[in-house]
$ cat data-v5.txt   # compact mmCIF, N, CA and C atoms
# COMPACT_ATOMS: atom_id res chain seq x y z
N MET A 385 13.32 26.30 -40.74
CA MET A 385 13.13 25.45 -39.59
C MET A 385 14.29 24.45 -39.53
N LYS A 386 14.86 24.32 -38.35
CA LYS A 386 15.96 23.38 -38.16
C LYS A 386 15.41 22.10 -37.52
N ILE A 387 15.70 20.97 -38.14
CA ILE A 387 15.28 19.67 -37.60
C ILE A 387 16.43 19.11 -36.78
N HIS A 388 16.18 18.88 -35.51
CA HIS A 388 17.21 18.33 -34.62
C HIS A 388 16.93 16.83 -34.46
N ARG A 389 17.89 16.00 -34.82
CA ARG A 389 17.71 14.55 -34.79
C ARG A 389 18.73 13.93 -33.86
N ILE A 390 18.25 12.99 -33.04
CA ILE A 390 19.13 12.27 -32.13
C ILE A 390 18.91 10.77 -32.31
N ASN A 391 20.01 10.03 -32.45
CA ASN A 391 19.98 8.57 -32.42
C ASN A 391 20.47 8.15 -31.04
N ALA A 392 19.65 7.35 -30.37
CA ALA A 392 19.98 6.98 -28.99
C ALA A 392 19.87 5.47 -28.79
N ARG A 393 20.55 5.01 -27.77
CA ARG A 393 20.53 3.60 -27.40
C ARG A 393 19.18 3.21 -26.82
N ASP A 394 18.69 3.99 -25.83
CA ASP A 394 17.42 3.70 -25.15
C ASP A 394 16.78 5.03 -24.73
N LEU A 395 15.65 4.96 -24.07
CA LEU A 395 14.93 6.18 -23.71
C LEU A 395 15.70 7.10 -22.77
N PRO A 396 16.34 6.58 -21.70
CA PRO A 396 17.14 7.48 -20.86
C PRO A 396 18.26 8.16 -21.64
N ASP A 397 18.90 7.43 -22.58
CA ASP A 397 19.96 8.02 -23.39
C ASP A 397 19.40 9.14 -24.27
N LEU A 398 18.23 8.93 -24.86
CA LEU A 398 17.60 9.97 -25.67
C LEU A 398 17.31 11.21 -24.84
N TRP A 399 16.77 11.00 -23.63
CA TRP A 399 16.44 12.12 -22.74
C TRP A 399 17.70 12.95 -22.44
N PHE A 400 18.77 12.29 -22.03
CA PHE A 400 19.98 13.01 -21.67
C PHE A 400 20.61 13.72 -22.87
N GLN A 401 20.62 13.07 -24.02
CA GLN A 401 21.17 13.74 -25.21
C GLN A 401 20.34 14.96 -25.59
N ALA A 402 19.01 14.83 -25.50
CA ALA A 402 18.13 15.95 -25.85
C ALA A 402 18.33 17.13 -24.90
N VAL A 403 18.41 16.84 -23.60
CA VAL A 403 18.63 17.92 -22.62
C VAL A 403 20.00 18.55 -22.82
N HIS A 404 21.01 17.73 -23.07
CA HIS A 404 22.37 18.25 -23.30
C HIS A 404 22.41 19.13 -24.55
N ASP A 405 21.82 18.65 -25.63
CA ASP A 405 21.90 19.36 -26.91
C ASP A 405 21.05 20.62 -26.95
N ILE A 406 19.94 20.65 -26.22
CA ILE A 406 19.08 21.83 -26.31
C ILE A 406 19.78 23.07 -25.75
N LEU A 407 20.74 22.85 -24.85
CA LEU A 407 21.49 23.98 -24.30
C LEU A 407 22.30 24.68 -25.39
N ASP A 408 22.79 23.92 -26.38
CA ASP A 408 23.57 24.49 -27.48
C ASP A 408 22.71 24.78 -28.71
N GLU A 409 21.73 23.94 -28.97
CA GLU A 409 20.96 24.02 -30.22
C GLU A 409 19.57 24.64 -30.07
N GLY A 410 19.10 24.81 -28.83
CA GLY A 410 17.74 25.29 -28.63
C GLY A 410 17.56 26.78 -28.84
N ASN A 411 16.34 27.16 -29.13
CA ASN A 411 15.98 28.57 -29.27
C ASN A 411 15.43 29.07 -27.94
N ARG A 412 15.90 30.21 -27.48
CA ARG A 412 15.43 30.79 -26.23
C ARG A 412 14.22 31.68 -26.49
N PHE A 413 13.25 31.61 -25.56
CA PHE A 413 12.11 32.51 -25.63
C PHE A 413 11.63 32.82 -24.22
N VAL A 414 11.01 33.95 -24.05
CA VAL A 414 10.48 34.37 -22.75
C VAL A 414 8.98 34.14 -22.74
N ILE A 415 8.50 33.48 -21.70
CA ILE A 415 7.07 33.24 -21.56
C ILE A 415 6.41 34.56 -21.19
N ASP A 416 5.38 34.95 -21.95
CA ASP A 416 4.78 36.27 -21.73
C ASP A 416 3.49 36.24 -20.93
N ARG A 417 2.93 35.06 -20.64
CA ARG A 417 1.72 35.02 -19.80
C ARG A 417 1.60 33.66 -19.14
N GLY A 418 0.69 33.57 -18.18
CA GLY A 418 0.49 32.31 -17.46
C GLY A 418 1.29 32.25 -16.19
N SER A 419 1.34 31.07 -15.59
CA SER A 419 1.97 30.93 -14.28
C SER A 419 3.50 31.03 -14.35
N TYR A 420 4.09 30.94 -15.52
CA TYR A 420 5.53 31.05 -15.65
C TYR A 420 5.96 32.31 -16.41
N ALA A 421 5.09 33.32 -16.46
CA ALA A 421 5.38 34.57 -17.18
C ALA A 421 6.71 35.16 -16.70
N GLY A 422 7.53 35.58 -17.66
CA GLY A 422 8.82 36.17 -17.36
C GLY A 422 9.97 35.18 -17.36
N GLN A 423 9.68 33.88 -17.28
CA GLN A 423 10.75 32.89 -17.30
C GLN A 423 11.20 32.62 -18.73
N THR A 424 12.46 32.22 -18.87
CA THR A 424 13.02 31.90 -20.17
C THR A 424 12.98 30.39 -20.37
N ARG A 425 12.64 29.96 -21.55
CA ARG A 425 12.60 28.54 -21.89
C ARG A 425 13.43 28.30 -23.16
N LEU A 426 13.77 27.05 -23.35
CA LEU A 426 14.46 26.61 -24.56
C LEU A 426 13.55 25.66 -25.32
N GLU A 427 13.60 25.72 -26.64
CA GLU A 427 12.81 24.79 -27.45
C GLU A 427 13.55 24.48 -28.74
N TYR A 428 13.24 23.31 -29.29
CA TYR A 428 13.72 22.95 -30.62
C TYR A 428 12.69 23.42 -31.64
N ASP A 429 13.12 23.75 -32.85
CA ASP A 429 12.17 24.02 -33.93
C ASP A 429 11.38 22.74 -34.21
N TYR A 430 12.11 21.65 -34.37
CA TYR A 430 11.51 20.36 -34.66
C TYR A 430 12.46 19.30 -34.12
N PHE A 431 11.93 18.31 -33.44
CA PHE A 431 12.77 17.30 -32.80
C PHE A 431 12.35 15.92 -33.26
N CYS A 432 13.32 15.08 -33.57
CA CYS A 432 13.06 13.70 -33.97
C CYS A 432 14.07 12.82 -33.25
N GLY A 433 13.58 11.84 -32.52
CA GLY A 433 14.47 10.93 -31.81
C GLY A 433 14.28 9.50 -32.28
N HIS A 434 15.37 8.77 -32.47
CA HIS A 434 15.32 7.36 -32.86
C HIS A 434 15.97 6.54 -31.76
N ILE A 435 15.22 5.59 -31.22
CA ILE A 435 15.71 4.73 -30.15
C ILE A 435 16.01 3.36 -30.72
N GLN A 436 17.26 2.93 -30.62
CA GLN A 436 17.68 1.66 -31.21
C GLN A 436 17.14 0.46 -30.44
N TYR A 437 17.09 0.54 -29.12
CA TYR A 437 16.61 -0.57 -28.28
C TYR A 437 15.50 -0.07 -27.36
N PRO A 438 14.28 0.09 -27.88
CA PRO A 438 13.20 0.73 -27.10
C PRO A 438 12.75 -0.07 -25.89
N GLY A 439 12.95 -1.37 -25.84
CA GLY A 439 12.48 -2.17 -24.71
C GLY A 439 13.46 -2.27 -23.57
N THR A 440 14.60 -1.63 -23.67
CA THR A 440 15.63 -1.71 -22.63
C THR A 440 15.14 -1.03 -21.36
N THR A 441 15.33 -1.70 -20.23
CA THR A 441 14.95 -1.09 -18.96
C THR A 441 16.17 -0.43 -18.33
N PRO A 442 16.03 0.61 -17.55
CA PRO A 442 14.75 1.21 -17.20
C PRO A 442 14.21 2.06 -18.35
N LEU A 443 12.89 2.09 -18.47
CA LEU A 443 12.26 2.89 -19.52
C LEU A 443 12.18 4.36 -19.13
N ILE A 444 12.20 4.63 -17.84
CA ILE A 444 12.07 5.99 -17.34
C ILE A 444 13.45 6.55 -17.02
N PRO A 445 13.78 7.73 -17.52
CA PRO A 445 15.09 8.31 -17.23
C PRO A 445 15.24 8.62 -15.74
N ASP A 446 16.40 8.32 -15.20
CA ASP A 446 16.71 8.66 -13.83
C ASP A 446 17.67 9.83 -13.87
N ILE A 447 17.19 11.00 -13.51
CA ILE A 447 17.99 12.21 -13.63
C ILE A 447 18.69 12.48 -12.30
N PRO A 448 20.02 12.47 -12.30
CA PRO A 448 20.74 12.73 -11.05
C PRO A 448 20.46 14.15 -10.54
N PRO A 449 20.26 14.31 -9.21
CA PRO A 449 19.98 15.63 -8.66
C PRO A 449 21.06 16.66 -8.97
N SER A 450 22.29 16.21 -9.16
CA SER A 450 23.38 17.14 -9.44
C SER A 450 23.22 17.87 -10.78
N CYS A 451 22.36 17.35 -11.66
CA CYS A 451 22.13 18.01 -12.95
C CYS A 451 21.31 19.28 -12.80
N GLY A 452 20.55 19.39 -11.71
CA GLY A 452 19.73 20.57 -11.49
C GLY A 452 18.50 20.64 -12.39
N ILE A 453 18.15 19.53 -13.00
CA ILE A 453 16.98 19.47 -13.89
C ILE A 453 15.87 18.71 -13.17
N PRO A 454 14.66 19.27 -13.08
CA PRO A 454 13.59 18.54 -12.41
C PRO A 454 13.26 17.25 -13.16
N ASN A 455 13.10 16.19 -12.42
CA ASN A 455 12.77 14.90 -13.02
C ASN A 455 11.29 14.88 -13.38
N PRO A 456 10.95 14.78 -14.67
CA PRO A 456 9.54 14.86 -15.06
C PRO A 456 8.72 13.63 -14.70
N VAL A 457 9.34 12.58 -14.24
CA VAL A 457 8.60 11.37 -13.88
C VAL A 457 8.81 10.98 -12.42
N GLU A 458 9.34 11.89 -11.62
CA GLU A 458 9.54 11.63 -10.20
C GLU A 458 8.18 11.50 -9.52
N GLU A 459 8.03 10.49 -8.68
CA GLU A 459 6.74 10.22 -8.05
C GLU A 459 6.22 11.42 -7.26
N ALA A 460 7.08 12.11 -6.53
CA ALA A 460 6.65 13.28 -5.75
C ALA A 460 6.17 14.41 -6.65
N TYR A 461 6.77 14.53 -7.84
CA TYR A 461 6.33 15.56 -8.79
C TYR A 461 4.94 15.22 -9.35
N ILE A 462 4.74 13.96 -9.69
CA ILE A 462 3.48 13.55 -10.29
C ILE A 462 2.35 13.55 -9.27
N PHE A 463 2.59 12.97 -8.09
CA PHE A 463 1.52 12.79 -7.10
C PHE A 463 1.57 13.76 -5.94
N GLY A 464 2.56 14.62 -5.90
CA GLY A 464 2.70 15.58 -4.80
C GLY A 464 3.60 15.02 -3.72
N GLY A 465 4.36 15.89 -3.10
CA GLY A 465 5.26 15.45 -2.05
C GLY A 465 6.22 16.56 -1.69
N ASP A 466 7.26 16.19 -0.96
CA ASP A 466 8.24 17.17 -0.51
C ASP A 466 8.80 17.98 -1.67
N GLY A 467 8.80 19.30 -1.50
CA GLY A 467 9.36 20.18 -2.51
C GLY A 467 8.39 20.61 -3.59
N TYR A 468 7.18 20.08 -3.57
CA TYR A 468 6.19 20.43 -4.59
C TYR A 468 4.92 20.94 -3.92
N SER A 469 4.52 22.15 -4.27
CA SER A 469 3.33 22.74 -3.66
C SER A 469 2.05 22.16 -4.25
N ARG A 470 2.17 21.54 -5.40
CA ARG A 470 0.99 21.01 -6.08
C ARG A 470 1.41 19.82 -6.94
N SER A 471 0.61 18.77 -6.95
CA SER A 471 0.96 17.62 -7.77
C SER A 471 0.60 17.88 -9.22
N TYR A 472 1.38 17.28 -10.11
CA TYR A 472 1.11 17.45 -11.54
C TYR A 472 -0.22 16.78 -11.90
N ILE A 473 -0.54 15.68 -11.25
CA ILE A 473 -1.77 14.97 -11.56
C ILE A 473 -2.99 15.86 -11.25
N GLU A 474 -2.89 16.67 -10.19
CA GLU A 474 -3.97 17.61 -9.87
C GLU A 474 -4.09 18.66 -10.96
N TYR A 475 -2.97 19.17 -11.41
CA TYR A 475 -2.96 20.16 -12.48
C TYR A 475 -3.54 19.58 -13.76
N LEU A 476 -3.23 18.31 -14.01
CA LEU A 476 -3.65 17.65 -15.23
C LEU A 476 -5.12 17.23 -15.22
N MET A 477 -5.63 16.83 -14.06
CA MET A 477 -6.95 16.20 -14.02
C MET A 477 -8.06 17.00 -13.35
N THR A 478 -7.78 18.17 -12.78
CA THR A 478 -8.83 18.97 -12.15
C THR A 478 -8.91 20.35 -12.81
N GLY A 479 -10.01 21.03 -12.58
CA GLY A 479 -10.19 22.35 -13.14
C GLY A 479 -9.70 23.47 -12.24
N HIS A 480 -9.06 23.14 -11.12
CA HIS A 480 -8.60 24.15 -10.16
C HIS A 480 -7.45 24.97 -10.74
N LYS A 481 -7.60 26.29 -10.72
CA LYS A 481 -6.53 27.19 -11.19
C LYS A 481 -5.98 27.98 -10.02
N GLU A 482 -4.67 28.12 -9.97
CA GLU A 482 -4.00 28.95 -8.99
C GLU A 482 -3.93 30.38 -9.51
N PRO A 483 -3.76 31.36 -8.62
CA PRO A 483 -3.60 32.74 -9.10
C PRO A 483 -2.45 32.85 -10.09
N GLY A 484 -2.68 33.55 -11.18
CA GLY A 484 -1.66 33.73 -12.21
C GLY A 484 -1.71 32.70 -13.32
N GLU A 485 -2.46 31.61 -13.13
CA GLU A 485 -2.58 30.61 -14.18
C GLU A 485 -3.71 31.01 -15.12
N SER A 486 -3.45 30.99 -16.42
CA SER A 486 -4.50 31.34 -17.37
C SER A 486 -5.37 30.12 -17.68
N TYR A 487 -4.83 28.91 -17.52
CA TYR A 487 -5.60 27.69 -17.72
C TYR A 487 -4.86 26.52 -17.10
N THR A 488 -5.55 25.40 -16.96
CA THR A 488 -4.92 24.13 -16.65
C THR A 488 -5.43 23.12 -17.67
N TYR A 489 -4.69 22.05 -17.88
CA TYR A 489 -5.17 21.02 -18.81
C TYR A 489 -6.45 20.40 -18.26
N GLY A 490 -6.51 20.21 -16.96
CA GLY A 490 -7.69 19.62 -16.34
C GLY A 490 -8.93 20.47 -16.52
N GLU A 491 -8.76 21.78 -16.51
CA GLU A 491 -9.89 22.68 -16.71
C GLU A 491 -10.55 22.40 -18.05
N ARG A 492 -9.74 22.18 -19.05
CA ARG A 492 -10.28 21.88 -20.37
C ARG A 492 -10.94 20.51 -20.41
N LEU A 493 -10.38 19.55 -19.71
CA LEU A 493 -10.96 18.21 -19.67
C LEU A 493 -12.30 18.18 -18.95
N THR A 494 -12.40 18.92 -17.85
CA THR A 494 -13.62 18.86 -17.05
C THR A 494 -14.78 19.63 -17.68
N ARG A 495 -14.52 20.40 -18.70
CA ARG A 495 -15.59 21.15 -19.38
C ARG A 495 -16.20 20.39 -20.55
N VAL A 496 -15.67 19.23 -20.86
CA VAL A 496 -16.18 18.45 -21.99
C VAL A 496 -17.51 17.82 -21.58
N PRO A 497 -18.57 18.01 -22.37
CA PRO A 497 -19.87 17.43 -22.01
C PRO A 497 -19.86 15.91 -22.11
N ILE A 498 -20.57 15.27 -21.21
CA ILE A 498 -20.69 13.81 -21.21
C ILE A 498 -21.90 13.46 -22.06
N THR A 499 -21.68 12.63 -23.08
CA THR A 499 -22.76 12.23 -23.99
C THR A 499 -22.65 10.76 -24.33
N GLY A 500 -23.61 10.25 -25.07
CA GLY A 500 -23.57 8.89 -25.60
C GLY A 500 -23.49 7.82 -24.53
N ASP A 501 -22.65 6.80 -24.79
CA ASP A 501 -22.51 5.68 -23.86
C ASP A 501 -22.06 6.14 -22.48
N LYS A 502 -21.17 7.13 -22.44
CA LYS A 502 -20.68 7.60 -21.14
C LYS A 502 -21.81 8.16 -20.30
N MET A 503 -22.72 8.90 -20.92
CA MET A 503 -23.87 9.45 -20.20
C MET A 503 -24.79 8.32 -19.74
N ARG A 504 -25.00 7.35 -20.61
CA ARG A 504 -25.85 6.21 -20.23
C ARG A 504 -25.23 5.45 -19.06
N TRP A 505 -23.91 5.21 -19.10
CA TRP A 505 -23.23 4.51 -18.02
C TRP A 505 -23.34 5.32 -16.72
N TRP A 506 -23.20 6.64 -16.84
CA TRP A 506 -23.33 7.51 -15.67
C TRP A 506 -24.73 7.39 -15.08
N ASN A 507 -25.76 7.48 -15.91
CA ASN A 507 -27.15 7.40 -15.44
C ASN A 507 -27.49 6.03 -14.87
N GLU A 508 -26.87 4.98 -15.39
CA GLU A 508 -27.09 3.62 -14.88
C GLU A 508 -26.19 3.31 -13.68
N ASN A 509 -25.37 4.27 -13.28
CA ASN A 509 -24.48 4.13 -12.13
C ASN A 509 -23.56 2.91 -12.27
N LYS A 510 -22.94 2.78 -13.43
CA LYS A 510 -22.03 1.67 -13.72
C LYS A 510 -20.70 1.91 -13.02
N LYS A 511 -20.60 1.51 -11.77
CA LYS A 511 -19.41 1.78 -10.96
C LYS A 511 -18.17 1.05 -11.46
N ASP A 512 -18.35 -0.04 -12.21
CA ASP A 512 -17.19 -0.74 -12.75
C ASP A 512 -16.57 0.01 -13.93
N ILE A 513 -17.30 0.99 -14.49
CA ILE A 513 -16.81 1.76 -15.62
C ILE A 513 -16.57 3.21 -15.24
N ILE A 514 -17.51 3.82 -14.55
CA ILE A 514 -17.47 5.25 -14.22
C ILE A 514 -17.19 5.43 -12.73
N ASP A 515 -16.17 6.23 -12.42
CA ASP A 515 -15.88 6.60 -11.03
C ASP A 515 -16.46 7.99 -10.81
N SER A 516 -17.52 8.11 -10.06
CA SER A 516 -18.22 9.38 -9.91
C SER A 516 -17.42 10.41 -9.15
N ILE A 517 -16.33 10.02 -8.53
CA ILE A 517 -15.51 10.99 -7.81
C ILE A 517 -14.85 11.89 -8.80

$ encode --input "data-v5.txt" --output "structure tokens"
Amino acid sequence: MKIHRINARDLPDLWFQAVHDILDEGNRFVIDRGSYAGQTRLEYDYFCGHIQYPGTTPLIPDIPPSCGIPNPVEEAYIFGGDGYSRSYIEYLMTGHKEPGESYTYGERLTRVPITGDKMRWWNENKKDIIDSI
């Protein structure tokens, strides 16, 4: 196993170094099932990043469109918008699956049984704690 380590100034610097280095140092693999079956991905065996100044703003990397890399924190990507057929938040928080998807993270979350205090709060209709939507 190869450990890939990056020392960075701040979070955006770490992001850009990691994306730059994975092109040379990453392992290629083909996704064999799910909504991205047939696509090739890159991954590190093991990744460790050290940020020298973690509180430096901006905390979120701003990826220039010319890089051709989707911005993982772009508002339209997270909440839905131009260029995105589905918001990431929907994928993350609901059980809805599109054709070809073997699972969603939300599907696993919505199947967890409600017990204990959460069930009591639900039964008592504690709107300040539980959003029934």

$ closest_residue --input "data-v5.txt" --among "A:Gly465, A:Tyr428, A:Ser419, A:Leu398" --to "Glu482 (chain A)" --atoms "only N, CA and C atoms"
A:Ser419

$ atom_distance --input "data-v5.txt" --atom1 "CA of Gly422 (chain A)" --atom2 "CA of Gly410 (chain A)"
18.0 Å

$ select_by_dssp --input "data-v5.txt" --residues "chain A" --states "alpha helix (DSSP H)" --output "PyMOL selection string"
chain A and resi 395-409+459-463+472-477+489-494+500-507

$ atom_distance --input "data-v5.txt" --atom1 "atom N of Gly439 (chain A)" --atom2 "atom C of Leu395 (chain A)"
9.4 Å

$ atom_distance --input "data-v5.txt" --atom1 "CA of Thr488 (chain A)" --atom2 "CA of Ser471 (chain A)"
12.5 Å

$ closest_residue --input "data-v5.txt" --among "A:Arg470, A:Gly479, A:His404, A:Asp397" --to "Arg495 (chain A)" --atoms "all atoms listed in the file"
A:Gly479

$ select_by_dssp --input "data-v5.txt" --residues "chain A" --states "strand (DSSP E)" --output "ChimeraX atom specification"
/A:387-392,411-414,424-427,430-435

$ closest_residue --input "data-v5.txt" --among "A:Ile498, A:Tyr430, A:Ile473, A:Ile406" --to "Tyr461 (chain A)" --atoms "all atoms listed in the file"
A:Ile473
